[in-house]
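Working notes, structure below.
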Amino acid sequence: MAYDRTTATPGQASPGAFQKFVQFVPLAVVAVIVVDAATDFFPDDPLVGIVTPLRLLIVVGFVALLLPSPSRARIRDFRSRLDIPIGVLLLAAAAATVHGGHPTAPLRGLVTVLACYYLVVGVRRTQPESWRAIGLLALVGVGAAATSAFSQFTNDTPTGFCRTGLLTDISCDDTGGDVLIRAIGTFANPNLLAAFLVLLLPFVLLAAVSVDERTARTVIVLVGVLGYGAMLTTFSRAGYVAGAAGLLVLAGAYWLAPRLADRAQRRLVGALGALGLAAAAAVIWAVSQAGNSLGVRGQAWDAALSLAKDNPLGVGLGRSGAAISATAPGDRVFVHAHNMWLNWLVETGALGLLAILAVTVVAWLHAARIARAKSVLGTVGLASLTGFFLMTMMDHPANLDRIDILFWVVLAVVMGESPERPSSTATGSVNRRRHGAQPQSALPRQQQPLPSP
């Protein structure tokens, strides 16, 4: 088990009530952020000026992290491998806003999301055992969204979204055939619900390994099955592909990789997976060139590339939908570019595209590294990010604030783990605790070898 600054060492006085409360507050703030992403229960209207309840809560979380306590955060606790790409992304967004003379509200929203990222990184670094709470929070979020979706599907509750199959959207008022109501859960449309589940469902495994009792683990698995069932009720094609990819990565990294005989076999499996992702991207690109085969997505992508040529600094945060609607032929109204990276290109120019590409590559490779270090957290993070990045090739669910915040929270959970340090979620540590081995929390981090599965 990794060294935890919240655990008193021999000869050190145990923290008092105030210090325990200070340690509790940042994790409570993260809990509110995750549950709000699932249910949208937190009010969005400002309390005063630009101070919203969420921003006030984030400030409280940072203050609690910096107050004197056994788990007090230092500057180094907030650093991650995404610092430079995040700085470039923020610079590109500010340049697009100032150059275009646009309102600063979207820029403040971006700053809020990035503050959530660094808050979660600080919590993960100062309270390593918080991975258990994060797994349980993911379980709560999945349960809330999934049960709502199933209720809509089983009770034929109108959601405004219907299909006759996997390929055809129709009006819900059409009674000429078998109409399938697409569940939206706690979101505005089924694709957003699918994106939410793609991000959080792999973390159900994190909740499962955080408990030792068999019946409790069974309940957690049942909630996970409920979540994947709710994914089916969305009838989202991109969600199906992303969910299946996440499951394959989860199975491969958690069960298959530790059983491969040598490093060459693991590299072969990893190379095949990378080739599969590259092939999927190539197929999407090829199909996009074949006339109007992608429908409105092809129109949105063509318009996005045209806008990028004419606006090297971008059209401004939150303005891609209106700009694409004005550029694309016809009277179709677009909300975004139907691709996360193209959307950043349209809104923040080439500099913003390079920054979000760096965030994507660095985060995915970091998740792969800590997964290779036999960390369950790395495994679920790799599965979550792989599925979400696949889905954002055809859609841009992070255009919604709740999905955007959840995406950056997942990035923070992954980036807060270091492959050079022993992980508190390593499978060997979990197995040792289950077999009654003594913890090694009093040892310095650098003296603990990485446990084997």
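Chain lettering (A, B, ...) mirrors the order of the structure tokens, residue numbering begins at 1 for each chain separately, and ligand numbering begins at 1 in order of display.
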
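Residues in contact range of Leu54 of chain A, defined as at most 12 Å between only C-alpha atoms, with sequence neighbours fewer than 6 positions away removed, read A:Val29, A:Val30, A:Ala31, A:Val32, A:Ile33, A:Val34, A:Asp36, A:Ala37, A:Asp40, A:Phe41, A:Phe42, A:Pro43, A:Asp44, A:Asp45, A:Pro46, A:Leu47, A:Val60, A:Gly61, A:Gly109, A:Thr112, A:Val113, A:Ala115, A:Cys116, A:Asp401, A:Arg402, A:Ile405.
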
Shell around Val198 of chain A at 9 Å using only C-alpha atoms, local window under 2 positions removed, as a VMD selection string: chain A and resid 193 to 196 200 to 202 228 231 239 242 to 243 246 383 to 385 387 to 388 391

Could you dump the residues just selected with N, CA and C atoms as a short mmCIF file (atom, residue, chain, number, x, y, z; two decimals), in the first residue's frame?
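Result went into again_33.cif, see below:
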data_model
loop_
_atom_site.label_atom_id
_atom_site.label_comp_id
_atom_site.auth_asym_id
_atom_site.auth_seq_id
_atom_site.Cartn_x
_atom_site.Cartn_y
_atom_site.Cartn_z
N LEU A 193 -25.80 10.76 -22.56
CA LEU A 193 -25.86 9.69 -21.57
C LEU A 193 -24.84 8.60 -21.91
N ALA A 194 -24.73 8.24 -23.18
CA ALA A 194 -23.77 7.22 -23.59
C ALA A 194 -22.34 7.66 -23.28
N ALA A 195 -22.02 8.93 -23.53
CA ALA A 195 -20.67 9.43 -23.23
C ALA A 195 -20.39 9.39 -21.74
N PHE A 196 -21.37 9.76 -20.93
CA PHE A 196 -21.21 9.70 -19.48
C PHE A 196 -20.90 8.28 -19.03
N LEU A 200 -17.49 6.62 -17.11
CA LEU A 200 -17.55 6.18 -15.71
C LEU A 200 -17.63 4.66 -15.53
N LEU A 201 -18.20 3.94 -16.49
CA LEU A 201 -18.42 2.51 -16.27
C LEU A 201 -17.15 1.73 -15.95
N PRO A 202 -16.00 1.99 -16.60
CA PRO A 202 -14.80 1.24 -16.22
C PRO A 202 -14.41 1.41 -14.76
N TYR A 228 -24.17 -0.99 -18.18
CA TYR A 228 -24.00 -1.41 -19.57
C TYR A 228 -25.35 -1.68 -20.22
N MET A 231 -26.60 1.58 -21.32
CA MET A 231 -25.92 1.98 -22.56
C MET A 231 -26.69 1.46 -23.78
N GLY A 239 -21.76 5.24 -29.03
CA GLY A 239 -21.68 4.74 -27.67
C GLY A 239 -21.44 3.25 -27.62
N ALA A 242 -17.74 2.69 -28.55
CA ALA A 242 -16.86 3.15 -27.47
C ALA A 242 -16.97 2.26 -26.24
N GLY A 243 -18.20 1.85 -25.89
CA GLY A 243 -18.38 0.96 -24.74
C GLY A 243 -17.72 -0.38 -24.95
N GLY A 246 -13.96 0.05 -24.62
CA GLY A 246 -13.58 0.15 -23.22
C GLY A 246 -13.57 -1.20 -22.53
N ALA A 383 -9.10 2.27 -20.07
CA ALA A 383 -10.34 1.84 -20.72
C ALA A 383 -11.29 3.02 -20.91
N SER A 384 -11.41 3.87 -19.88
CA SER A 384 -12.31 5.02 -19.94
C SER A 384 -11.89 5.99 -21.04
N LEU A 385 -10.61 6.35 -21.08
CA LEU A 385 -10.13 7.32 -22.06
C LEU A 385 -10.17 6.75 -23.47
N GLY A 387 -12.30 4.52 -24.75
CA GLY A 387 -13.67 4.57 -25.23
C GLY A 387 -14.13 5.99 -25.53
N PHE A 388 -13.79 6.92 -24.63
CA PHE A 388 -14.24 8.30 -24.83
C PHE A 388 -13.59 8.94 -26.04
N MET A 391 -15.28 7.73 -29.12
CA MET A 391 -16.59 8.35 -29.30
C MET A 391 -16.48 9.77 -29.81
#

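Near Ala358 of chain A, within a cut-off of 10 Å and counting only C-alpha atoms, sit the residues Leu82, Ile84, Pro85, Ile86, Val88, Leu89, Gly352, Leu353, Leu354, Val362, Ala363 and Trp364 of chain A, with same-chain residues fewer than 4 positions away left out.
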
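Of the residues in segment 147-242 of chain A, those given strand (DSSP E or B) by DSSP on the backbone are Cys162, Arg163, Asp169, Ile170, Leu180 and Ile181 of chain A.
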
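Residue nearest Phe235 of chain A, chosen from A:Arg55, A:His336, A:His99, A:Arg182 and counting only C-alpha atoms: A:Arg182.
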
Spatial neighbours of Ala412 of chain A, max dist 9 Å, only C-alpha atoms, sep filter under 3 positions, as JSON, numbers by chain: {"A": [80, 116, 117, 118, 119, 120, 121, 122, 124, 407, 408, 409, 415, 416, 417]}

Atoms to include: all heavy atoms. Write the selected residues as a CSV table (one decimal), in the first residue's frame.
chain,number,residue,atom,x,y,z
A,80,SER,N,1.6,18.1,-13.0
A,80,SER,CA,1.3,16.8,-13.7
A,80,SER,C,2.0,17.0,-15.1
A,80,SER,O,2.4,18.1,-15.5
A,80,SER,CB,-0.2,16.6,-13.9
A,80,SER,OG,-0.8,17.5,-14.8
A,116,CYS,N,-11.0,22.4,-11.6
A,116,CYS,CA,-11.5,21.1,-11.1
A,116,CYS,C,-10.4,20.1,-11.3
A,116,CYS,O,-10.2,19.2,-10.5
A,116,CYS,CB,-12.8,20.7,-11.9
A,116,CYS,SG,-14.2,21.6,-11.4
A,117,TYR,N,-9.7,20.1,-12.5
A,117,TYR,CA,-8.7,19.2,-12.8
A,117,TYR,C,-7.6,19.2,-11.7
A,117,TYR,O,-7.2,18.2,-11.2
A,117,TYR,CB,-8.1,19.5,-14.2
A,117,TYR,CG,-6.8,18.8,-14.5
A,117,TYR,CD1,-6.8,17.5,-15.0
A,117,TYR,CD2,-5.6,19.4,-14.3
A,117,TYR,CE1,-5.6,16.8,-15.2
A,117,TYR,CE2,-4.4,18.7,-14.6
A,117,TYR,CZ,-4.4,17.4,-15.0
A,117,TYR,OH,-3.3,16.7,-15.3
A,118,TYR,N,-7.1,20.4,-11.4
A,118,TYR,CA,-6.0,20.6,-10.5
A,118,TYR,C,-6.4,20.3,-9.0
A,118,TYR,O,-5.6,19.8,-8.2
A,118,TYR,CB,-5.4,21.9,-10.6
A,118,TYR,CG,-4.4,22.1,-11.8
A,118,TYR,CD1,-4.8,22.8,-12.9
A,118,TYR,CD2,-3.2,21.4,-11.8
A,118,TYR,CE1,-4.0,22.9,-14.0
A,118,TYR,CE2,-2.4,21.5,-12.9
A,118,TYR,CZ,-2.8,22.2,-14.0
A,118,TYR,OH,-1.9,22.3,-15.1
A,119,LEU,N,-7.7,20.5,-8.7
A,119,LEU,CA,-8.2,20.2,-7.4
A,119,LEU,C,-8.2,18.6,-7.2
A,119,LEU,O,-7.7,18.1,-6.2
A,119,LEU,CB,-9.6,20.7,-7.2
A,119,LEU,CG,-10.3,20.3,-5.9
A,119,LEU,CD1,-9.6,20.9,-4.7
A,119,LEU,CD2,-11.8,20.7,-6.0
A,120,VAL,N,-8.6,17.9,-8.2
A,120,VAL,CA,-8.6,16.4,-8.1
A,120,VAL,C,-7.2,15.9,-8.1
A,120,VAL,O,-6.9,14.9,-7.4
A,120,VAL,CB,-9.4,15.8,-9.3
A,120,VAL,CG1,-9.4,14.3,-9.2
A,120,VAL,CG2,-10.9,16.3,-9.2
A,121,VAL,N,-6.3,16.5,-8.9
A,121,VAL,CA,-4.9,16.1,-8.8
A,121,VAL,C,-4.4,16.3,-7.4
A,121,VAL,O,-3.7,15.4,-6.9
A,121,VAL,CB,-4.1,16.8,-9.9
A,121,VAL,CG1,-2.6,16.6,-9.6
A,121,VAL,CG2,-4.4,16.4,-11.3
A,122,GLY,N,-4.6,17.4,-6.8
A,122,GLY,CA,-4.2,17.7,-5.4
A,122,GLY,C,-4.7,16.7,-4.4
A,122,GLY,O,-4.0,16.2,-3.5
A,124,ARG,N,-5.7,13.6,-5.1
A,124,ARG,CA,-5.1,12.3,-5.4
A,124,ARG,C,-3.7,12.2,-4.8
A,124,ARG,O,-3.3,11.2,-4.3
A,124,ARG,CB,-5.1,12.0,-6.9
A,124,ARG,CG,-6.4,11.6,-7.4
A,124,ARG,CD,-6.9,10.2,-7.0
A,124,ARG,NE,-6.0,9.2,-7.3
A,124,ARG,CZ,-5.4,8.4,-6.5
A,124,ARG,NH1,-5.6,8.5,-5.2
A,124,ARG,NH2,-4.6,7.4,-6.9
A,407,PHE,N,-14.9,14.6,-17.8
A,407,PHE,CA,-13.7,14.3,-18.6
A,407,PHE,C,-12.4,14.7,-18.0
A,407,PHE,O,-11.5,14.0,-17.8
A,407,PHE,CB,-13.9,14.9,-20.0
A,407,PHE,CG,-12.6,14.8,-20.9
A,407,PHE,CD1,-12.0,13.6,-21.2
A,407,PHE,CD2,-12.0,15.9,-21.4
A,407,PHE,CE1,-10.9,13.5,-21.9
A,407,PHE,CE2,-10.9,15.9,-22.2
A,407,PHE,CZ,-10.3,14.6,-22.4
A,408,TRP,N,-12.4,16.0,-17.5
A,408,TRP,CA,-11.2,16.5,-16.9
A,408,TRP,C,-11.0,15.9,-15.5
A,408,TRP,O,-9.8,15.7,-15.0
A,408,TRP,CB,-11.2,18.0,-16.8
A,408,TRP,CG,-11.0,18.6,-18.1
A,408,TRP,CD1,-11.9,19.1,-19.0
A,408,TRP,CD2,-9.7,18.9,-18.7
A,408,TRP,NE1,-11.2,19.6,-20.1
A,408,TRP,CE2,-9.9,19.5,-20.0
A,408,TRP,CE3,-8.4,18.7,-18.3
A,408,TRP,CZ2,-8.8,19.9,-20.8
A,408,TRP,CZ3,-7.3,19.1,-19.1
A,408,TRP,CH2,-7.5,19.6,-20.3
A,409,VAL,N,-12.0,15.5,-14.8
A,409,VAL,CA,-11.9,14.8,-13.5
A,409,VAL,C,-11.2,13.4,-13.8
A,409,VAL,O,-10.3,13.0,-13.1
A,409,VAL,CB,-13.2,14.6,-12.8
A,409,VAL,CG1,-13.2,13.6,-11.7
A,409,VAL,CG2,-13.7,15.9,-12.3
A,415,MET,N,-3.8,11.3,-14.2
A,415,MET,CA,-2.6,12.0,-14.1
A,415,MET,C,-2.1,12.1,-12.7
A,415,MET,O,-0.9,12.4,-12.5
A,415,MET,CB,-2.7,13.4,-14.8
A,415,MET,CG,-3.1,13.3,-16.2
A,415,MET,SD,-2.1,12.3,-17.3
A,415,MET,CE,-0.5,13.1,-17.2
A,416,GLY,N,-2.9,12.0,-11.7
A,416,GLY,CA,-2.5,12.1,-10.3
A,416,GLY,C,-1.7,10.9,-9.9
A,416,GLY,O,-1.1,10.9,-8.8
A,417,GLU,N,-1.7,9.8,-10.7
A,417,GLU,CA,-1.0,8.6,-10.3
A,417,GLU,C,0.3,8.6,-11.1
A,417,GLU,O,0.4,9.0,-12.2
A,417,GLU,CB,-1.8,7.4,-10.8
A,417,GLU,CG,-1.3,6.1,-10.2
A,417,GLU,CD,-1.9,5.8,-8.8
A,417,GLU,OE1,-2.6,6.8,-8.3
A,417,GLU,OE2,-1.7,4.8,-8.2
